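Participant: Contents of protein.cif (mmCIF, C-alpha atoms):
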```cif
data_final
loop_
_atom_site.label_atom_id
_atom_site.label_comp_id
_atom_site.auth_asym_id
_atom_site.auth_seq_id
_atom_site.Cartn_x
_atom_site.Cartn_y
_atom_site.Cartn_z
CA MET A 1 125.49 -100.00 -101.94
CA ASP A 2 123.86 -103.05 -103.26
CA LYS A 3 125.85 -106.28 -102.74
CA LYS A 4 125.46 -107.29 -106.44
CA LEU A 5 126.84 -103.93 -107.58
CA ILE A 6 129.89 -104.26 -105.32
CA ILE A 7 130.59 -107.77 -106.65
CA SER A 8 130.18 -106.59 -110.27
CA ILE A 9 132.58 -103.64 -109.75
CA SER A 10 135.10 -105.93 -108.03
CA VAL A 11 135.00 -108.42 -110.92
CA LEU A 12 135.35 -105.56 -113.41
CA VAL A 13 138.38 -104.15 -111.56
CA ILE A 14 139.98 -107.63 -111.45
CA LEU A 15 139.37 -108.14 -115.19
CA ILE A 16 140.84 -104.71 -116.02
CA GLY A 17 143.85 -105.49 -113.84
CA PHE A 18 144.31 -108.85 -115.56
CA TYR A 19 144.05 -107.17 -118.99
CA PHE A 20 146.85 -104.68 -118.20
CA TYR A 21 149.01 -107.42 -116.67
CA ASP A 22 148.56 -109.63 -119.76
CA SER A 23 149.25 -106.71 -122.14
CA SER A 24 152.55 -105.93 -120.43
CA LYS A 25 153.59 -109.61 -120.58
CA GLN A 26 152.69 -109.88 -124.28
CA SER A 27 154.72 -106.81 -125.22
CA SER A 28 157.81 -108.41 -123.70
CA TYR A 29 157.53 -111.24 -126.24
CA GLN A 30 157.69 -108.98 -129.29
CA SER A 31 160.98 -109.25 -131.09
CA GLU A 32 163.27 -106.25 -131.22
CA TYR A 33 165.26 -105.60 -134.40
CA SER A 34 168.80 -104.31 -134.82
CA GLU A 35 170.78 -103.22 -137.87
CA ILE A 36 172.76 -105.78 -139.81
CA PHE A 37 174.94 -103.35 -141.76
CA ASN A 38 175.94 -100.66 -139.28
CA PHE A 39 178.78 -99.00 -141.19
CA ASN A 40 179.08 -95.62 -142.89
CA HIS A 41 177.34 -96.26 -146.21
CA SER A 42 179.20 -93.40 -147.91
CA LYS A 43 182.41 -95.49 -147.64
CA LEU A 44 180.87 -98.28 -149.75
CA SER A 45 182.86 -98.82 -152.94
CA LYS A 46 182.24 -102.42 -153.98
CA VAL A 47 179.45 -104.97 -153.56
CA LEU A 48 179.93 -108.71 -154.08
CA ILE A 49 176.85 -110.92 -154.38
CA LEU A 50 177.45 -114.67 -154.44
CA LYS A 51 174.96 -117.51 -154.89
CA ASP A 52 176.33 -121.04 -155.19
CA ILE A 53 178.72 -120.77 -158.20
CA ASP A 54 177.25 -117.52 -159.58
CA GLY A 55 178.37 -114.07 -158.60
CA ILE A 56 178.29 -110.43 -159.54
CA GLU A 57 180.51 -107.50 -158.59
CA LEU A 58 179.29 -103.91 -158.49
CA GLU A 59 181.92 -101.22 -158.16
CA TYR A 60 181.75 -97.46 -157.65
CA ILE A 61 184.30 -95.83 -159.96
CA ASP A 62 184.49 -92.12 -160.82
CA SER A 63 181.08 -91.31 -159.29
CA THR A 64 179.39 -94.10 -161.29
CA TRP A 65 178.38 -97.63 -160.36
CA ASN A 66 179.58 -100.30 -162.80
CA ILE A 67 178.99 -104.03 -163.22
CA ASN A 68 182.43 -105.62 -163.47
CA GLY A 69 182.66 -108.14 -166.28
CA HIS A 70 179.58 -106.73 -168.03
CA ASP A 71 180.88 -103.64 -169.82
CA SER A 72 178.00 -103.67 -172.30
CA LEU A 73 175.48 -102.93 -169.52
CA THR A 74 174.79 -99.58 -167.91
CA ILE A 75 173.68 -99.60 -164.31
CA LYS A 76 169.98 -99.23 -163.48
CA GLN A 77 169.68 -96.40 -160.98
CA ARG A 78 166.58 -97.90 -159.35
CA SER A 79 168.57 -101.05 -158.52
CA ILE A 80 171.28 -98.95 -156.82
CA ASP A 81 168.57 -96.99 -154.99
CA THR A 82 167.14 -100.29 -153.75
CA LEU A 83 170.60 -101.29 -152.57
CA PHE A 84 170.83 -98.21 -150.37
CA ASP A 85 167.15 -97.95 -149.39
CA LYS A 86 166.30 -101.58 -148.64
CA ILE A 87 169.29 -103.91 -148.58
CA LEU A 88 171.57 -101.76 -146.43
CA LYS A 89 168.69 -100.87 -144.07
CA VAL A 90 167.43 -104.40 -143.40
CA LYS A 91 167.33 -105.39 -139.74
CA ARG A 92 167.52 -108.68 -137.88
CA SER A 93 165.68 -109.93 -134.83
CA SER A 94 167.56 -109.63 -131.55
CA MET A 95 166.82 -113.22 -130.59
CA SER A 96 168.33 -116.01 -132.66
CA ILE A 97 166.06 -118.67 -134.12
CA SER A 98 168.76 -121.33 -134.00
CA ASP A 99 172.38 -121.65 -132.90
CA ASN A 100 172.84 -125.17 -134.23
CA PRO A 101 175.08 -125.39 -137.35
CA GLN A 102 173.20 -128.52 -138.42
CA ASP A 103 170.00 -126.46 -138.85
CA LEU A 104 171.42 -124.21 -141.59
CA SER A 105 169.83 -126.23 -144.40
CA ILE A 106 166.40 -125.79 -142.78
CA TYR A 107 166.79 -122.01 -143.19
CA SER A 108 168.38 -122.21 -146.68
CA LEU A 109 171.66 -120.96 -145.20
CA ASN A 110 173.92 -123.83 -146.21
CA ASP A 111 176.62 -123.17 -148.82
CA SER A 112 174.57 -124.30 -151.81
CA GLU A 113 171.36 -122.41 -151.00
CA CYS A 114 172.28 -119.11 -149.33
CA THR A 115 173.03 -115.78 -150.96
CA ASP A 116 176.15 -114.06 -149.63
CA VAL A 117 176.65 -110.30 -149.74
CA VAL A 118 179.97 -108.58 -149.04
CA PHE A 119 180.43 -104.81 -148.86
CA LEU A 120 183.93 -103.39 -149.37
CA ASP A 121 185.48 -99.93 -149.15
CA LYS A 122 187.86 -98.42 -151.73
CA ASN A 123 190.86 -100.12 -150.07
CA GLY A 124 189.26 -103.56 -150.31
CA ASP A 125 188.56 -103.75 -146.57
CA THR A 126 185.34 -105.49 -145.58
CA LEU A 127 182.67 -103.11 -144.25
CA GLY A 128 180.02 -105.78 -143.77
CA LYS A 129 179.01 -109.24 -144.90
CA ALA A 130 175.98 -111.43 -144.52
CA SER A 131 174.33 -114.63 -145.70
CA PHE A 132 170.61 -114.72 -146.44
CA GLY A 133 168.25 -117.67 -146.86
CA ILE A 134 164.66 -117.86 -147.98
CA SER A 135 161.76 -119.07 -145.91
CA ALA A 136 159.48 -121.65 -147.48
CA SER A 137 156.47 -120.45 -145.51
CA ASN A 138 157.07 -116.74 -144.86
CA TYR A 139 157.54 -114.49 -147.89
CA TYR A 140 157.72 -111.29 -145.81
CA SER A 141 161.13 -111.91 -144.30
CA ASN A 142 164.31 -113.93 -144.78
CA TYR A 143 166.78 -115.70 -142.58
CA TYR A 144 170.14 -114.10 -141.85
CA LYS A 145 173.44 -115.25 -140.44
CA HIS A 146 176.88 -113.73 -140.30
CA PRO A 147 179.18 -115.91 -142.43
CA ASP A 148 181.60 -116.42 -139.52
CA GLN A 149 178.89 -117.52 -137.07
CA SER A 150 176.18 -120.17 -136.94
CA SER A 151 173.38 -118.20 -135.22
CA VAL A 152 170.32 -117.75 -137.44
CA TYR A 153 168.08 -114.66 -137.20
CA LYS A 154 164.91 -113.50 -138.90
CA THR A 155 165.07 -110.30 -141.00
CA SER A 156 162.63 -107.40 -140.81
CA SER A 157 161.77 -107.65 -144.53
CA ASN A 158 162.29 -109.82 -147.60
CA ILE A 159 165.33 -108.58 -149.53
CA LEU A 160 166.36 -111.71 -151.44
CA THR A 161 164.58 -110.53 -154.58
CA PHE A 162 166.90 -107.50 -154.56
CA ILE A 163 170.21 -109.34 -154.04
CA THR A 164 170.44 -111.32 -157.22
CA THR A 165 173.43 -112.35 -159.30
CA ASN A 166 171.51 -111.69 -162.52
CA PRO A 167 173.32 -108.89 -164.42
CA LYS A 168 170.04 -107.87 -166.13
CA TYR A 169 168.62 -106.88 -162.75
CA TRP A 170 171.51 -104.49 -162.08
CA GLY A 171 172.09 -103.21 -165.62
CA GLU A 172 170.55 -102.78 -169.01
CA VAL A 173 171.79 -102.52 -172.57
CA PRO A 174 172.05 -98.82 -173.42
CA LYS A 175 169.46 -97.67 -175.90
CA LEU A 176 170.96 -96.42 -179.13
CA GLU A 177 169.33 -93.49 -180.83
CA GLU A 178 168.00 -94.47 -184.21
CA PRO A 179 169.16 -92.16 -186.97
CA VAL A 180 166.44 -90.13 -188.62
CA PRO A 181 166.06 -91.04 -192.30
CA PRO A 182 167.09 -88.13 -194.60
CA SER A 183 163.59 -87.98 -196.03
CA GLU A 184 162.21 -87.07 -192.57
CA LEU A 185 164.75 -84.33 -191.81
CA PRO A 186 163.39 -80.80 -191.82
CA ALA A 187 164.43 -78.76 -194.85
#
```
Is it possible to express this structure as structure tokens?
Facilitator:
Amino acid sequence: MDKKLIISISVLVILIGFYFYDSSKQSSYQSEYSEIFNFNHSKLSKVLILKDIDGIELEYIDSTWNINGHDSLTIKQRSIDTLFDKILKVKRSSMSISDNPQDLSIYSLNDSECTDVVFLDKNGDTLGKASFGISASNYYSNYYKHPDQSSVYKTSSNILTFITTNPKYWGEVPKLEEPVPPSELPA
């Protein structure tokens, strides 16, 4: 074989080998995600959402979700569906971003900025709890920490828009049927 061809094939083989080596190294840097709320979701009976001094309590009574303290509102089913489809299924990165308690304000996880969520069963026992903070630069995910720990993790998606203390997000005023005027009734 020609000497130039042998050198070209050797360089090509080395480059292909380097490519596969680099690809395997890069895949080891990708973050793995694990569940935050790994409890039986059918046992969920009450949800507490707390933000600074505001809060809301959702409770499952007689096969219906209710907003405690807001009896004039009926629950929006799409908000409950979001609770089960997005909030309870959010995941966190396996590697912590920070373990320093002094960094919590950077991630909006200090007491005045974070949103706390607590899930309870029918006996009042805690099934799961979490604190979430918003990122100023990344709107696709949030920051998460367990309230009893100081390690901060990144979430797999942004759920803060769905965990609000605003009662109008969770419920709506029932629509009353307007009576038909007698002149419009069929004879």
Participant: Which residues fall under the PyMOL selection byres ((chain A and resi 78) around 12) in this file, as an MDAnalysis selection string?
Facilitator: chainID A and resid 65 74:77 79:86 162 169:172
Participant: Selected residues, C-alpha atoms, written as an mmCIF file, in the frame of the given file, please.
Facilitator:
```
data_model
loop_
_atom_site.group_PDB
_atom_site.id
_atom_site.type_symbol
_atom_site.label_atom_id
_atom_site.label_comp_id
_atom_site.auth_asym_id
_atom_site.auth_seq_id
_atom_site.Cartn_x
_atom_site.Cartn_y
_atom_site.Cartn_z
ATOM 1 C CA TRP A 65 178.380 -97.630 -160.360
ATOM 2 C CA THR A 74 174.790 -99.580 -167.910
ATOM 3 C CA ILE A 75 173.680 -99.600 -164.310
ATOM 4 C CA LYS A 76 169.980 -99.230 -163.480
ATOM 5 C CA GLN A 77 169.680 -96.400 -160.980
ATOM 6 C CA SER A 79 168.570 -101.050 -158.520
ATOM 7 C CA ILE A 80 171.280 -98.950 -156.820
ATOM 8 C CA ASP A 81 168.570 -96.990 -154.990
ATOM 9 C CA THR A 82 167.140 -100.290 -153.750
ATOM 10 C CA LEU A 83 170.600 -101.290 -152.570
ATOM 11 C CA PHE A 84 170.830 -98.210 -150.370
ATOM 12 C CA ASP A 85 167.150 -97.950 -149.390
ATOM 13 C CA LYS A 86 166.300 -101.580 -148.640
ATOM 14 C CA PHE A 162 166.900 -107.500 -154.560
ATOM 15 C CA TYR A 169 168.620 -106.880 -162.750
ATOM 16 C CA TRP A 170 171.510 -104.490 -162.080
ATOM 17 C CA GLY A 171 172.090 -103.210 -165.620
ATOM 18 C CA GLU A 172 170.550 -102.780 -169.010
#
```
Participant: Which residues are near His146 (chain A)? Cut-off 12 Å, all atoms listed in the file, ignore same chain within fewer than 5 positions. Put them as a VMD selection string.
Facilitator: chain A and resid 36 to 37 92 96 99 104 109 114 to 118 128 to 133 151 to 153
Participant: Quick check on the file I pasted: which residues fall under the PyMOL selection byres ((chain A and resi 165) around 8)? Write them as number ranges by chain.
Facilitator: A: 49-51, 54-56, 163-164, 166-167
Participant: How far is it from CA of Pro101 (chain A) to CA of Glu113 (chain A), in Å with one decimal?
Facilitator: 14.5 Å
Participant: Point out the residue among A:Leu160, A:Ile106, A:Ile7, A:Leu88 with the least atom-to-atom distance to Leu44 (chain A), counting all atoms listed in the file.
Facilitator: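 Answer, going by the shortest atom-to-atom distance: A:Leu88.
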Participant: Give the answer as one residue: which of A:Glu178, A:Ile159, A:Tyr144, A:Ile16 has the shortest atom-to-atom distance to Ser98 (chain A), using only C-alpha atoms?
Facilitator: A:Tyr144
Participant: Can you tell me, as an MDAnalysis selection string, which residues sit within 6 Å of (164.1, -106.7, -145.8) in the file's frame, using only C-alpha atoms?
Facilitator: chainID A and resid 90 156:159
Participant: Restricting it to C-alpha atoms, dump the selection as a PDB file, in the frame of the given file.
Facilitator:
```
ATOM      1  CA  VAL A  90     167.430-104.400-143.400  1.00  0.00           C
ATOM      2  CA  SER A 156     162.630-107.400-140.810  1.00  0.00           C
ATOM      3  CA  SER A 157     161.770-107.650-144.530  1.00  0.00           C
ATOM      4  CA  ASN A 158     162.290-109.820-147.600  1.00  0.00           C
ATOM      5  CA  ILE A 159     165.330-108.580-149.530  1.00  0.00           C
TER       6      ILE A 159
END
```
Participant: Mind giving me the straight-line distance from CA of Ser108 (chain A) to CA of Ser93 (chain A) in Å, one decimal?
Facilitator: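 For CA of Ser108 (chain A) relative to CA of Ser93 (chain A), the distance reads 17.3 Å.
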Participant: Have a look at CA of Phe18 (chain A) and CA of Tyr33 (chain A) and let me know their distance in Å, one decimal.
Facilitator: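 Between CA of Phe18 (chain A) and CA of Tyr33 (chain A) the gap works out to 28.4 Å.
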